[in-house]
Each structure stands twice: as structure tokens, then as C-alpha cells.
$ cat input_22.cif   # mmCIF, C-alpha atoms and all ligand atoms; chains and numbers go by the auth columns
data_my_file
loop_
_atom_site.group_PDB
_atom_site.id
_atom_site.type_symbol
_atom_site.label_atom_id
_atom_site.label_comp_id
_atom_site.label_asym_id
_atom_site.label_seq_id
_atom_site.Cartn_x
_atom_site.Cartn_y
_atom_site.Cartn_z
_atom_site.B_iso_or_equiv
_atom_site.auth_seq_id
_atom_site.auth_asym_id
ATOM 1 C CA MET A 1 200.560 138.269 122.166 0.00 18 E
ATOM 2 C CA ALA A 2 197.727 137.079 119.946 0.00 19 E
ATOM 3 C CA THR A 3 194.675 134.847 120.190 0.00 20 E
ATOM 4 C CA LEU A 4 193.929 131.917 117.898 0.00 21 E
ATOM 5 C CA ILE A 5 190.349 130.665 118.022 0.00 22 E
ATOM 6 C CA LEU A 6 189.640 127.324 116.350 0.00 23 E
ATOM 7 C CA VAL A 7 186.025 126.257 115.979 0.00 24 E
ATOM 8 C CA ARG A 8 184.610 123.243 114.192 0.00 25 E
ATOM 9 C CA HIS A 9 181.500 124.177 112.224 0.00 26 E
ATOM 10 C CA GLY A 10 178.129 123.616 113.855 0.00 27 E
ATOM 11 C CA GLN A 11 176.197 120.400 113.282 0.00 28 E
ATOM 12 C CA SER A 12 175.454 119.794 109.615 0.00 29 E
ATOM 13 C CA THR A 13 172.533 117.938 108.043 0.00 30 E
ATOM 14 C CA TRP A 14 174.805 114.943 107.401 0.00 31 E
ATOM 15 C CA ASN A 15 176.313 115.053 110.896 0.00 32 E
ATOM 16 C CA ALA A 16 172.753 114.632 112.161 0.00 33 E
ATOM 17 C CA ALA A 17 172.205 111.764 109.719 0.00 34 E
ATOM 18 C CA ASN A 18 175.558 110.148 110.708 0.00 35 E
ATOM 19 C CA ARG A 19 176.733 110.194 107.075 0.00 36 E
ATOM 20 C CA PHE A 20 180.343 110.597 105.908 0.00 37 E
ATOM 21 C CA SER A 21 180.562 114.156 104.549 0.00 38 E
ATOM 22 C CA GLY A 22 184.129 114.945 103.520 0.00 39 E
ATOM 23 C CA TRP A 23 183.978 117.349 100.585 0.00 40 E
ATOM 24 C CA VAL A 24 180.215 117.049 100.068 0.00 41 E
ATOM 25 C CA ASP A 25 178.998 120.589 100.602 0.00 42 E
ATOM 26 C CA VAL A 26 176.193 119.984 103.113 0.00 43 E
ATOM 27 C CA PRO A 27 174.825 122.983 105.089 0.00 44 E
ATOM 28 C CA LEU A 28 174.343 123.542 108.801 0.00 45 E
ATOM 29 C CA ASN A 29 171.024 122.395 110.218 0.00 46 E
ATOM 30 C CA HIS A 30 169.057 124.352 112.810 0.00 47 E
ATOM 31 C CA VAL A 31 171.021 122.774 115.670 0.00 48 E
ATOM 32 C CA GLY A 32 174.268 123.704 113.949 0.00 49 E
ATOM 33 C CA ARG A 33 173.218 127.308 113.557 0.00 50 E
ATOM 34 C CA GLN A 34 172.303 127.458 117.234 0.00 51 E
ATOM 35 C CA GLU A 35 175.690 125.923 118.091 0.00 52 E
ATOM 36 C CA ALA A 36 177.415 128.573 115.968 0.00 53 E
ATOM 37 C CA MET A 37 175.356 131.193 117.802 0.00 54 E
ATOM 38 C CA GLN A 38 176.525 129.847 121.151 0.00 55 E
ATOM 39 C CA ALA A 39 180.111 129.913 119.886 0.00 56 E
ATOM 40 C CA ALA A 40 179.600 133.552 118.835 0.00 57 E
ATOM 41 C CA LYS A 41 178.478 134.415 122.350 0.00 58 E
ATOM 42 C CA LYS A 42 181.441 132.586 123.902 0.00 59 E
ATOM 43 C CA ILE A 43 183.982 134.422 121.760 0.00 60 E
ATOM 44 C CA SER A 44 182.210 137.798 121.714 0.00 61 E
ATOM 45 C CA SER A 45 184.732 139.266 124.183 0.00 62 E
ATOM 46 C CA TYR A 46 187.624 138.611 121.761 0.00 63 E
ATOM 47 C CA ARG A 47 188.557 141.089 119.033 0.00 64 E
ATOM 48 C CA ILE A 48 188.768 139.193 115.737 0.00 65 E
ATOM 49 C CA ASP A 49 191.125 140.734 113.173 0.00 66 E
ATOM 50 C CA VAL A 50 191.100 138.083 110.447 0.00 67 E
ATOM 51 C CA CYS A 51 189.256 134.837 109.666 0.00 68 E
ATOM 52 C CA PHE A 52 190.226 131.724 107.783 0.00 69 E
ATOM 53 C CA THR A 53 187.777 129.059 106.703 0.00 70 E
ATOM 54 C CA SER A 54 187.308 126.394 104.062 0.00 71 E
ATOM 55 C CA LEU A 55 185.360 126.429 100.796 0.00 72 E
ATOM 56 C CA LEU A 56 182.555 124.361 102.343 0.00 73 E
ATOM 57 C CA VAL A 57 179.402 126.226 103.288 0.00 74 E
ATOM 58 C CA ARG A 58 179.019 124.608 106.728 0.00 75 E
ATOM 59 C CA ALA A 59 182.306 126.216 107.824 0.00 76 E
ATOM 60 C CA ILE A 60 181.731 129.503 105.968 0.00 77 E
ATOM 61 C CA GLU A 61 178.296 129.902 107.537 0.00 78 E
ATOM 62 C CA THR A 62 179.708 129.129 110.988 0.00 79 E
ATOM 63 C CA THR A 63 182.301 131.863 110.434 0.00 80 E
ATOM 64 C CA ALA A 64 179.609 134.390 109.503 0.00 81 E
ATOM 65 C CA ILE A 65 177.506 133.551 112.561 0.00 82 E
ATOM 66 C CA CYS A 66 180.585 133.646 114.834 0.00 83 E
ATOM 67 C CA LEU A 67 181.215 137.220 113.669 0.00 84 E
ATOM 68 C CA THR A 68 177.771 138.420 114.771 0.00 85 E
ATOM 69 C CA GLU A 69 179.117 138.766 118.309 0.00 86 E
ATOM 70 C CA GLY A 70 176.336 136.594 119.639 0.00 87 E
ATOM 71 C CA THR A 71 173.604 139.020 118.566 0.00 88 E
ATOM 72 C CA GLY A 72 171.600 136.375 116.742 0.00 89 E
ATOM 73 C CA ALA A 73 172.014 138.081 113.386 0.00 90 E
ATOM 74 C CA CYS A 74 171.008 135.937 110.401 0.00 91 E
ATOM 75 C CA LEU A 75 169.999 132.958 112.545 0.00 92 E
ATOM 76 C CA ASP A 76 166.391 132.752 111.452 0.00 93 E
ATOM 77 C CA LYS A 77 167.369 133.385 107.870 0.00 94 E
ATOM 78 C CA SER A 78 170.002 130.725 107.457 0.00 95 E
ATOM 79 C CA PRO A 79 171.240 129.098 105.424 0.00 96 E
ATOM 80 C CA VAL A 80 172.479 132.621 105.541 0.00 97 E
ATOM 81 C CA PHE A 81 173.863 132.419 102.030 0.00 98 E
ATOM 82 C CA LYS A 82 170.761 130.919 100.474 0.00 99 E
ATOM 83 C CA HIS A 83 168.020 133.150 101.856 0.00 100 E
ATOM 84 C CA ASP A 84 165.050 133.779 99.633 0.00 101 E
ATOM 85 C CA SER A 85 165.866 137.155 98.144 0.00 102 E
ATOM 86 C CA ASP A 86 162.210 138.138 97.858 0.00 103 E
ATOM 87 C CA ASP A 87 161.600 137.255 101.495 0.00 104 E
ATOM 88 C CA PRO A 88 159.817 140.395 102.817 0.00 105 E
ATOM 89 C CA ASP A 89 161.577 140.052 106.159 0.00 106 E
ATOM 90 C CA TRP A 90 165.077 139.851 104.756 0.00 107 E
ATOM 91 C CA HIS A 91 167.041 142.989 104.027 0.00 108 E
ATOM 92 C CA GLY A 92 170.541 142.120 105.003 0.00 109 E
ATOM 93 C CA TRP A 93 172.631 142.514 108.068 0.00 110 E
ATOM 94 C CA ASP A 94 171.613 146.089 108.854 0.00 111 E
ATOM 95 C CA LYS A 95 168.331 144.744 110.216 0.00 112 E
ATOM 96 C CA TYR A 96 170.105 143.356 113.277 0.00 113 E
ATOM 97 C CA GLU A 97 171.325 145.308 116.254 0.00 114 E
ATOM 98 C CA GLY A 98 174.563 143.357 116.050 0.00 115 E
ATOM 99 C CA TYR A 99 175.679 145.115 112.887 0.00 116 E
ATOM 100 C CA ILE A 100 179.462 145.071 112.862 0.00 117 E
ATOM 101 C CA GLU A 101 181.239 148.335 112.031 0.00 118 E
ATOM 102 C CA GLN A 102 184.683 146.752 111.730 0.00 119 E
ATOM 103 C CA GLU A 103 185.664 145.232 108.377 0.00 120 E
ATOM 104 C CA ILE A 104 187.046 141.735 108.986 0.00 121 E
ATOM 105 C CA PRO A 105 188.786 139.887 106.123 0.00 122 E
ATOM 106 C CA ILE A 106 187.632 136.285 105.681 0.00 123 E
ATOM 107 C CA PHE A 107 189.961 134.036 103.662 0.00 124 E
ATOM 108 C CA MET A 108 188.289 130.928 102.266 0.00 125 E
ATOM 109 C CA ASN A 109 190.794 128.287 101.244 0.00 126 E
ATOM 110 C CA PRO A 110 190.505 124.598 100.232 0.00 127 E
ATOM 111 C CA ALA A 111 193.546 123.806 102.384 0.00 128 E
ATOM 112 C CA LEU A 112 191.145 123.906 105.343 0.00 129 E
ATOM 113 C CA ASP A 113 188.496 121.684 103.718 0.00 130 E
ATOM 114 C CA GLU A 114 187.480 118.586 105.618 0.00 131 E
ATOM 115 C CA ARG A 115 189.467 115.417 104.897 0.00 132 E
ATOM 116 C CA HIS A 116 188.158 113.801 101.696 0.00 133 E
ATOM 117 C CA TYR A 117 186.322 110.614 102.633 0.00 134 E
ATOM 118 C CA GLY A 118 186.595 109.106 99.161 0.00 135 E
ATOM 119 C CA ASP A 119 184.217 106.226 98.425 0.00 136 E
ATOM 120 C CA LEU A 120 182.650 106.545 101.897 0.00 137 E
ATOM 121 C CA GLN A 121 181.110 109.967 101.269 0.00 138 E
ATOM 122 C CA GLY A 122 177.356 109.800 101.639 0.00 139 E
ATOM 123 C CA PHE A 123 177.261 106.425 103.370 0.00 140 E
ATOM 124 C CA ASN A 124 175.930 106.033 106.918 0.00 141 E
ATOM 125 C CA LYS A 125 178.779 105.449 109.390 0.00 142 E
ATOM 126 C CA ALA A 126 176.930 102.838 111.458 0.00 143 E
ATOM 127 C CA ASP A 127 175.882 100.915 108.340 0.00 144 E
ATOM 128 C CA MET A 128 179.488 100.949 107.102 0.00 145 E
ATOM 129 C CA ALA A 129 180.703 99.661 110.498 0.00 146 E
ATOM 130 C CA GLU A 130 178.149 96.842 110.256 0.00 147 E
ATOM 131 C CA LYS A 131 179.340 96.033 106.757 0.00 148 E
ATOM 132 C CA VAL A 132 183.133 96.142 107.118 0.00 149 E
ATOM 133 C CA GLY A 133 183.691 96.117 110.897 0.00 150 E
ATOM 134 C CA LYS A 134 183.835 98.792 113.609 0.00 151 E
ATOM 135 C CA ASN A 135 187.634 98.709 113.942 0.00 152 E
ATOM 136 C CA ILE A 136 188.252 99.353 110.260 0.00 153 E
ATOM 137 C CA VAL A 137 185.836 102.299 110.253 0.00 154 E
ATOM 138 C CA HIS A 138 187.452 103.651 113.419 0.00 155 E
ATOM 139 C CA GLN A 139 190.870 103.427 111.730 0.00 156 E
ATOM 140 C CA TRP A 140 189.566 105.284 108.692 0.00 157 E
ATOM 141 C CA ARG A 141 187.966 107.979 110.867 0.00 158 E
ATOM 142 C CA ARG A 142 190.543 108.537 113.600 0.00 159 E
ATOM 143 C CA SER A 143 193.959 107.046 112.785 0.00 160 E
ATOM 144 C CA PHE A 144 196.825 109.204 111.530 0.00 161 E
ATOM 145 C CA ASP A 145 197.928 107.337 108.412 0.00 162 E
ATOM 146 C CA THR A 146 195.140 104.920 107.389 0.00 163 E
ATOM 147 C CA ARG A 147 193.397 106.166 104.241 0.00 164 E
ATOM 148 C CA PRO A 148 189.676 105.555 103.719 0.00 165 E
ATOM 149 C CA PRO A 149 189.165 103.961 100.287 0.00 166 E
ATOM 150 C CA GLY A 150 189.715 106.659 97.666 0.00 167 E
ATOM 151 C CA GLY A 151 190.110 109.330 100.353 0.00 168 E
ATOM 152 C CA GLU A 152 192.638 111.173 102.498 0.00 169 E
ATOM 153 C CA SER A 153 194.257 109.986 105.719 0.00 170 E
ATOM 154 C CA LEU A 154 194.720 112.530 108.498 0.00 171 E
ATOM 155 C CA LYS A 155 198.383 112.606 107.417 0.00 172 E
ATOM 156 C CA ASP A 156 197.304 113.590 103.892 0.00 173 E
ATOM 157 C CA THR A 157 195.048 116.280 105.372 0.00 174 E
ATOM 158 C CA ALA A 158 197.892 117.615 107.522 0.00 175 E
ATOM 159 C CA ALA A 159 200.055 117.840 104.403 0.00 176 E
ATOM 160 C CA ARG A 160 197.779 120.685 103.242 0.00 177 E
ATOM 161 C CA THR A 161 196.588 122.209 106.541 0.00 178 E
ATOM 162 C CA ILE A 162 199.937 122.569 108.314 0.00 179 E
ATOM 163 C CA PRO A 163 201.781 124.403 105.504 0.00 180 E
ATOM 164 C CA PHE A 164 198.732 126.661 105.196 0.00 181 E
ATOM 165 C CA PHE A 165 198.755 127.299 108.945 0.00 182 E
ATOM 166 C CA GLN A 166 202.507 128.032 108.949 0.00 183 E
ATOM 167 C CA ASN A 167 202.539 130.185 105.808 0.00 184 E
ATOM 168 C CA ARG A 168 199.231 132.032 106.053 0.00 185 E
ATOM 169 C CA ILE A 169 197.907 132.017 109.626 0.00 186 E
ATOM 170 C CA LEU A 170 201.022 132.121 111.804 0.00 187 E
ATOM 171 C CA VAL A 171 202.230 135.363 110.228 0.00 188 E
ATOM 172 C CA HIS A 172 199.096 137.112 111.496 0.00 189 E
ATOM 173 C CA LEU A 173 199.518 135.712 115.000 0.00 190 E
ATOM 174 C CA LYS A 174 203.157 136.834 115.101 0.00 191 E
ATOM 175 C CA ASN A 175 201.952 140.314 114.091 0.00 192 E
ATOM 176 C CA GLY A 176 199.558 140.329 117.037 0.00 193 E
ATOM 177 C CA ASP A 177 196.413 139.755 114.978 0.00 194 E
ATOM 178 C CA ASN A 178 193.681 137.690 116.628 0.00 195 E
ATOM 179 C CA VAL A 179 192.640 134.930 114.241 0.00 196 E
ATOM 180 C CA LEU A 180 189.418 132.922 113.958 0.00 197 E
ATOM 181 C CA VAL A 181 189.644 129.631 112.074 0.00 198 E
ATOM 182 C CA SER A 182 186.345 127.882 111.395 0.00 199 E
ATOM 183 C CA ALA A 183 186.910 124.533 109.734 0.00 200 E
ATOM 184 C CA HIS A 184 186.159 120.822 110.091 0.00 201 E
ATOM 185 C CA GLY A 185 186.526 117.943 112.486 0.00 202 E
ATOM 186 C CA ASN A 186 189.555 116.421 110.782 0.00 203 E
ATOM 187 C CA SER A 187 191.154 119.438 109.195 0.00 204 E
ATOM 188 C CA LEU A 188 191.195 120.945 112.699 0.00 205 E
ATOM 189 C CA ARG A 189 192.352 117.676 114.304 0.00 206 E
ATOM 190 C CA SER A 190 195.417 117.836 112.057 0.00 207 E
ATOM 191 C CA ILE A 191 196.106 121.409 113.235 0.00 208 E
ATOM 192 C CA LEU A 192 195.589 120.552 116.919 0.00 209 E
ATOM 193 C CA MET A 193 197.898 117.553 116.491 0.00 210 E
ATOM 194 C CA HIS A 194 200.553 120.025 115.331 0.00 211 E
ATOM 195 C CA LEU A 195 199.858 122.653 118.003 0.00 212 E
ATOM 196 C CA ASP A 196 199.591 120.153 120.875 0.00 213 E
ATOM 197 C CA ASN A 197 202.468 118.047 119.577 0.00 214 E
ATOM 198 C CA LEU A 198 200.383 114.865 119.607 0.00 215 E
ATOM 199 C CA SER A 199 201.888 111.602 118.362 0.00 216 E
ATOM 200 C CA PRO A 200 200.238 109.314 115.773 0.00 217 E
ATOM 201 C CA LYS A 201 199.406 107.055 118.733 0.00 218 E
ATOM 202 C CA GLU A 202 197.708 109.890 120.647 0.00 219 E
ATOM 203 C CA VAL A 203 195.749 111.544 117.821 0.00 220 E
ATOM 204 C CA PRO A 204 193.117 108.770 117.418 0.00 221 E
ATOM 205 C CA HIS A 205 191.804 109.807 120.850 0.00 222 E
ATOM 206 C CA LEU A 206 191.353 113.435 119.751 0.00 223 E
ATOM 207 C CA GLU A 207 187.713 114.342 119.108 0.00 224 E
ATOM 208 C CA LEU A 208 186.361 117.821 118.334 0.00 225 E
ATOM 209 C CA ALA A 209 182.759 118.667 119.159 0.00 226 E
ATOM 210 C CA THR A 210 180.790 120.833 116.729 0.00 227 E
ATOM 211 C CA GLY A 211 180.641 124.540 117.554 0.00 228 E
ATOM 212 C CA ILE A 212 182.969 124.472 120.583 0.00 229 E
ATOM 213 C CA PRO A 213 185.691 127.163 120.391 0.00 230 E
ATOM 214 C CA ILE A 214 189.253 126.221 121.346 0.00 231 E
ATOM 215 C CA VAL A 215 191.308 129.289 122.258 0.00 232 E
ATOM 216 C CA TYR A 216 195.118 129.491 122.196 0.00 233 E
ATOM 217 C CA GLU A 217 197.150 132.440 123.425 0.00 234 E
ATOM 218 C CA ILE A 218 200.312 132.727 121.334 0.00 235 E
ATOM 219 C CA ASP A 219 203.313 134.984 121.897 0.00 236 E
ATOM 220 C CA ALA A 220 205.355 136.869 119.280 0.00 237 E
ATOM 221 C CA GLU A 221 207.749 133.916 118.993 0.00 238 E
ATOM 222 C CA ALA A 222 204.762 131.669 118.191 0.00 239 E
ATOM 223 C CA ASN A 223 204.954 129.889 121.545 0.00 240 E
ATOM 224 C CA ILE A 224 201.622 128.745 122.986 0.00 241 E
ATOM 225 C CA THR A 225 201.234 130.324 126.409 0.00 242 E
ATOM 226 C CA ASN A 226 197.693 129.183 127.179 0.00 243 E
ATOM 227 C CA LYS A 227 194.880 126.991 125.827 0.00 244 E
ATOM 228 C CA VAL A 228 191.248 126.893 126.876 0.00 245 E
ATOM 229 C CA ILE A 229 188.235 124.992 125.517 0.00 246 E
ATOM 230 C CA LEU A 230 185.040 127.072 125.748 0.00 247 E
ATOM 231 C CA ASP A 231 182.639 124.163 126.152 0.00 248 E
HETATM 232 O O1 LIG B . 181.974 112.939 107.861 0.00 1 Z
HETATM 233 C C1 LIG B . 182.918 113.748 107.983 0.00 1 Z
HETATM 234 O O2 LIG B . 183.340 114.509 107.097 0.00 1 Z
HETATM 235 C C2 LIG B . 183.620 113.804 109.319 0.00 1 Z
HETATM 236 C C3 LIG B . 183.292 115.056 110.094 0.00 1 Z
HETATM 237 O O3 LIG B . 181.905 115.212 110.162 0.00 1 Z
HETATM 238 O O4 LIG B . 183.192 112.686 110.054 0.00 1 Z
HETATM 239 P P1 LIG B . 184.140 112.004 111.162 0.00 1 Z
HETATM 240 O O5 LIG B . 183.978 112.862 112.392 0.00 1 Z
HETATM 241 O O6 LIG B . 183.572 110.640 111.278 0.00 1 Z
HETATM 242 O O7 LIG B . 185.557 112.013 110.650 0.00 1 Z
#

$ encode --input "input_22.cif" --output "C-alpha cells" --more "lines below"
Ligand SMILES: O=C(O)[C@@H](CO)OP(=O)(O)O
Amino acid sequence: MATLILVRHGQSTWNAANRFSGWVDVPLNHVGRQEAMQAAKKISSYRIDVCFTSLLVRAIETTAICLTEGTGACLDKSPVFKHDSDDPDWHGWDKYEGYIEQEIPIFMNPALDERHYGDLQGFNKADMAEKVGKNIVHQWRRSFDTRPPGGESLKDTAARTIPFFQNRILVHLKNGDNVLVSAHGNSLRSILMHLDNLSPKEVPHLELATGIPIVYEIDAEANITNKVILD
């Protein structure tokens, strides 16, 4: 038996500004770091053996905060990877009581990057809906096989996330390793569609909140025996 924890990164600066992000490497904002902290507390009772995340800092930073076991490490210093090195208060993780003894591998892979939003990246979602129509924007954002202009559909995203899940993540779960995956709204929607066996008609209704862990219990034959959303 193994545990798979999926968590969408905390709120980013462009989530707060309602802008299409995609592959634009925007960081968490203060709310997002607090959300990641809350996620860390919620999952602190689980042993994490291995992590997978994307190459985008909002997911990487969420992973790091999730591994602090809810101690609050690094919160006031984030963006944790861009702290001011001559900051007199900063001297690394050992400053925090939540220092983790266990070494946990973190694999960062572009297969888990958010869906590419093509020509929409950077634009405000409400403005775009005003310009081209709410239904078209909803199709771009939530349908399975409608591509945003110059971008990826959810189907395109699944074409990279599902093979990665099957070839790189599932092997750990079958070995009994507990896995944390911190990624993005749509890269995770494509994985949940696979795990929950959702149809292309059902998946447009699937929404993932920022920073809310979704926990699956998986047996040695890779069957899902339980699912819980820690909201
Ligand atoms: O802008 C994005 O990259 C995504 C996730 O934030 O937005 P949406 O939820 O609209 O697909």
C-alpha cells in the first residue's frame, strides 16, 4: 500500500491577477505561500519518500514548503529560492525547528509543467472573455480537446503527464513509496482524469483549488483503494 498526494501549487501572482500563466514562470504570492503552509500541515502525518514537480518555480516552491512538515520554515523568506543572500536573518533551513533529517529526492520534470496557454499567456482571463466570448474561453480553459490559440489542449497535456505518471511515478507507488506531486491546475487535472477515469464530457467540470492536497491510497497492483480531499 502506498500514498499518492497531489497538490496544486499555492496561489501565484498571476492567479491573483487573473492572468493566463501557462509556462510563464511566475512565483507564489504571500497567499500562495500560506496555502502551501496549510497543505504542509494537512499532510504532515504522511511519510513522504519521493517528490515530483515541474520546472516552474510556483510548483517547486510549493513542494519545498510542503516538506517543512507544517513548521513554517522558509515562509517569511520566500520566494524561498530568491532570498537576499546578505539578509542578516537568513542562514538556511537549520534556523527552523522543522529541520528535516530525512533526505527526500525531488524530481523536477517539464512533463508536469502547466498546460501551455500559447497566445493567451499574460492576458487577463476576464478581458479575454469580454473580447472573444465566455464560452470560447471556457472551452480553452476546461475542455478536453480544444486548444487555446498556439497552446496545448488538456489532451495534449495528458500526452506528456500520463506517460510520465505511468513510467516514473507509478513504479514508486508499486514499491510502497509514498509520493508527493506538486504541479499545476491543468497538468494535475489531466492526471486526475486518468486516475478517476473521467470522460471528456466530465472533465470540464473538474476544478482544482490552489494548495488543497488530494490523497489517494494505492495498492501494490496500482488499484486505488481510497481518495480523500484535504480541504
Ligand atoms: O493560467 C493558467 O496557467 C491556469 C492555471 O492557473 O489557468 P486556468 O485555471 O484558467 O486553466

$ closest_residue --input "input_22.cif" --among "E:Val188, E:Ala143, E:Ile241, E:Val48" --to "ligand LIG 1 (chain Z)" --atoms "all atoms listed in the file"
E:Ala143

$ closest_residue --input "input_22.cif" --among "E:Thr70, E:Thr79, E:Thr85, E:Thr163" --to "Arg185 (chain E)" --atoms "all atoms listed in the file"
E:Thr70

$ resolve_selection --input "input_22.cif" --expression "the PyMOL selection byres (((not hetatm)) within 8 of (chain Z and resi 1))" --output "list in words"
Ser29, Trp31, Asn32, Asn35, Arg36, Phe37, Ser38, Gly39, Trp40, Glu131, Arg132, His133, Tyr134, Gln138, Lys142, Arg158, Arg159, His201, Gly202, Asn203 and Glu224 of chain E

$ closest_residue --input "input_22.cif" --among "E:Asp66, E:Glu52, E:Asp213, E:Asp130" --to "Tyr233 (chain E)" --atoms "all atoms listed in the file"
E:Asp213

$ atom_distance --input "input_22.cif" --atom1 "CA of Asp236 (chain E)" --atom2 "CA of Thr20 (chain E)"
8.8 Å

$ residues_around --input "input_22.cif" --residues "Ile231 (chain E)" --least-positions-apart "5" --cutoff "9 Å" --atoms "all atoms listed in the file" --output "number ranges by chain"
E: 21-24, 244-248

$ closest_residue --input "input_22.cif" --among "E:Pro166, E:Thr227, E:Ala19, E:Lys148" --to "Asn46 (chain E)" --atoms "all atoms listed in the file"
E:Thr227

$ atom_distance --input "input_22.cif" --atom1 "CA of His211 (chain E)" --atom2 "CA of Ile179 (chain E)"
7.5 Å

$ closest_residue --input "input_22.cif" --among "E:Ala33, E:Ile65, E:Leu171, E:Leu197" --to "His47 (chain E)" --atoms "only C-alpha atoms"
E:Ala33

$ closest_residue --input "input_22.cif" --among "E:Pro165, E:Met18, E:Arg206, E:Ser199" --to "Gly228 (chain E)" --atoms "all atoms listed in the file"
E:Ser199

$ atom_distance --input "input_22.cif" --atom1 "CA of Leu72 (chain E)" --atom2 "CA of Phe181 (chain E)"
14.1 Å

$ resolve_selection --input "input_22.cif" --expression "the PyMOL selection byres (((chain E and resi 128) around 8) and not hetatm)" --output "list of chain:residue names"
E:Ser71, E:Asn126, E:Pro127, E:Leu129, E:Asp130, E:Arg177, E:Thr178, E:Phe181

$ axis_aligned_box --input "input_22.cif" --around "region 154-164 of chain E" --padding-each-side "3 Å" --output "lines of an AutoDock Vina configuration file"
center_x = 191.9
center_y = 105.8
center_z = 108.9
size_x = 18.1
size_y = 12.9
size_z = 15.4

$ residues_near_point --input "input_22.cif" --point "(189.5, 119.3, 118.7)" --cutoff "7 Å" --atoms "only C-alpha atoms" --output "mmCIF file with C-alpha atoms, in the coordinates of the input"
data_model
loop_
_atom_site.group_PDB
_atom_site.id
_atom_site.type_symbol
_atom_site.label_atom_id
_atom_site.label_comp_id
_atom_site.auth_asym_id
_atom_site.auth_seq_id
_atom_site.Cartn_x
_atom_site.Cartn_y
_atom_site.Cartn_z
ATOM 1 C CA LEU E 205 191.195 120.945 112.699
ATOM 2 C CA ARG E 206 192.352 117.676 114.304
ATOM 3 C CA LEU E 209 195.589 120.552 116.919
ATOM 4 C CA LEU E 223 191.353 113.435 119.751
ATOM 5 C CA GLU E 224 187.713 114.342 119.108
ATOM 6 C CA LEU E 225 186.361 117.821 118.334
ATOM 7 C CA ALA E 226 182.759 118.667 119.159
#
